[in-house]
Amino acid sequence: MGWRWLPSRIARFVMLAFVLQLLVFGGVLALVWQASGAAIAVAERDTIEELRRDLMSAYYDGGDPALLRLIRARVGAAGPDRVVMLLARPDGGVVAGNLVAWPAAAQPGPAWRRLTVRYPGRMDAVPMAMIAWTLPDGRRMLVARSVAASDQLETMTEQAMLTGLLVGLALMLITALVLGRLVSRQIERVVATARAVEAGALTSRVPVDGSRDAFDALGQSINAMLDRIQSLVSQLRLMTDGLAHDFRSPITRLRTVVEQASLETRDPAALAALERATQETDHLLAMLSTALLISRTEAGLGREQFETTDLGQLLADLVELYGPSAEDRGFALELAAPALVRLPVHRQLVAQAMGNLVDNALAYASGGSRIELGVRRVPGGALLWVADNGPGIAEGQRAAALRRFSRLDPARRPGGSGLGLSLVEAVARMHEGTVKLEDNAPGLRVVMELSG
């Protein structure tokens with residue numbers, strides 16, 4: 001499983017940064033602790049070795065008198081809690097020093113060791129570092145020095161390191177969180193740009209600061225890609241808009257010719273054929289007009305016509321407009337606008353989009369009896385919807401229904417163009433919103449979210 005239990009890659013990055021810092025900081029503290037302990041041990045050993053050398057120099061230079069004088073002088077000056085010296089015969093009898101007997105643990109040898117010395121009249125024991133050796137005449141010599149101060153220093157060092165470790169853990173965690181936040185902010189800037197482009201704002205770009213790091217290179221690459229996409233989309237829109245605009249004139253002239261021909265003929269079959277040609281021409285002109293309107297809406301043209309509008313009243317006007325036609329087809333239009341909802345919108349486009357939804361419901365909700373138009377305020381905008389109780393659209397087909405020129409069942413509406421929902425989506429994007437197709441249980445509920 002590894003790291004998979006962590007909720008996100010950012011959390012994994014924070015944990016990794018924290019663990020790496022902990023390893024480095026812990027390693028440094030361990031080295032410092034080991035070095036300080038070694039330095040204290042070396043200092044203790046050097047002190048004992050210095051005492052040993054002084055005693056042996058006195059013994060070789062002045063014999064027993066000089067050795068005894070030095071022992072008394074050193075013991076009297078330092079005190080038993082600091083320095084212990086003992087000169088003993090081979091059988092263990094004390095010759096000089098401040099111990100009453102030779103310690104059983106003190107065996108002569110080249111290595112120095114630690115032992116605990118308990119003095120008469122004292123309850124506590126004193127930790128000592130000592131070395132013992134044998135003199136040329138067979139007597140034994142012991143030199144020991146108190147290491148209580150060294151032990152206290154070592155304890156204080158360990159406490160200081162533990163405190164430093166705890167403080168370091170807090171600082172390392174803060175540092176890891178700050179690093180995670182910085183990385184998260186960089187990624188959020190890319191995500192925000194991607195979402196803006198997804199919403200139709202092709203001019204959005206990832207902010208770059210010229211630092212030439214990995215995030216800056218990523219931002220420049222994404223911006224270059226978006227520049228190319230925007231250029232291709234602009235060219236495609238110009239081409240389609242130009243074609244649609246150019247086709248309107250010859251189609252209009254063709255309609256005029258068909259109408260003129262209808263006036264000049266009396267043949268019933270020819271009149272019927274010309275009537276069908278007129279209908280198809282009108283349908284083609286409507287498709288071109290809708291395609292042009294969608295392109296202009298997606299391009300953001302008309303934003304200057306936004307005005308604060310009572311959306312409930314706008315839907316009430318649509319109910320009044322479509323009421324007779326709905327009644328003729330066996331539907332009852334209902335309005336769900338419980339409260340005043342005012343929003344700056346393009347009134348004409350929103351009305352046309354909602355009208356397209358009503359047209360679709362009237363055309364496709366066969367077997368239904370009710371169509372509801374509704375609006376309600378939500379944080380940051382408003383929701384408008386048209387819901388019917390017909391057969392609806394299967395969940396797997398809802399994405400295809402929003403595509404331009406998509407017609408799920410042409411047989412149910414031969415005159416459809418497949419642009420109605422595309423126009424609704426373009427209007428929603430113009431208002432920085434979205435369109436969702438939902439299950440009305442039964443039927444279809446088309447929800448248009450508008451920001452404002």
# chains A, B, ... in the order shown; residues from 1 in each chain; ligands from 1
>>> select_by_dssp(residues="stretch 142-360 of chain A", states="helix (DSSP H, G or I)", output="PyMOL selection string")
chain A and resi 148-198+214-264+268-298+303-305+311-328+347-360
>>> residues_around(residues="A:Gln313", least_positions_apart="4", cutoff="9 Å", atoms="only C-alpha atoms", output="MDAnalysis selection string")
chainID A and resid 309 317:318 337 340
>>> atom_distance(atom1="atom CA of A:Arg45", atom2="atom CA of A:Val28")
25.6 Å
>>> residues_around(residues="A:Asp216", least_positions_apart="3", cutoff="12 Å", atoms="only C-alpha atoms", output="compact mmCIF listing (two decimals) with C-alpha atoms, in the first residue's frame")
# COMPACT_ATOMS: atom_id res chain seq x y z
CA GLN A 186 1.43 26.90 -7.83
CA ILE A 187 -0.75 23.97 -8.83
CA ARG A 189 -2.94 28.62 -10.37
CA VAL A 190 -2.70 26.05 -13.17
CA VAL A 206 -1.22 30.69 -16.21
CA PRO A 207 0.69 33.47 -14.39
CA VAL A 208 4.47 33.18 -14.85
CA ASP A 209 7.18 35.09 -12.99
CA GLY A 210 10.23 34.46 -15.16
CA SER A 211 12.00 32.38 -12.51
CA ARG A 212 12.68 29.61 -15.08
CA ASP A 213 11.92 26.90 -12.56
CA GLY A 219 3.10 27.61 -17.09
CA GLN A 220 4.86 28.77 -20.26
CA SER A 221 4.17 25.43 -21.97
CA ILE A 222 0.48 25.54 -21.00
CA ASN A 223 0.21 29.16 -22.15
>>> select_by_dssp(residues="stretch 6-216 of chain A", states="strand (DSSP E or B)", output="VMD selection string")
chain A and resid 83 to 88 94 to 97 113 to 117 126 to 134 140 to 146
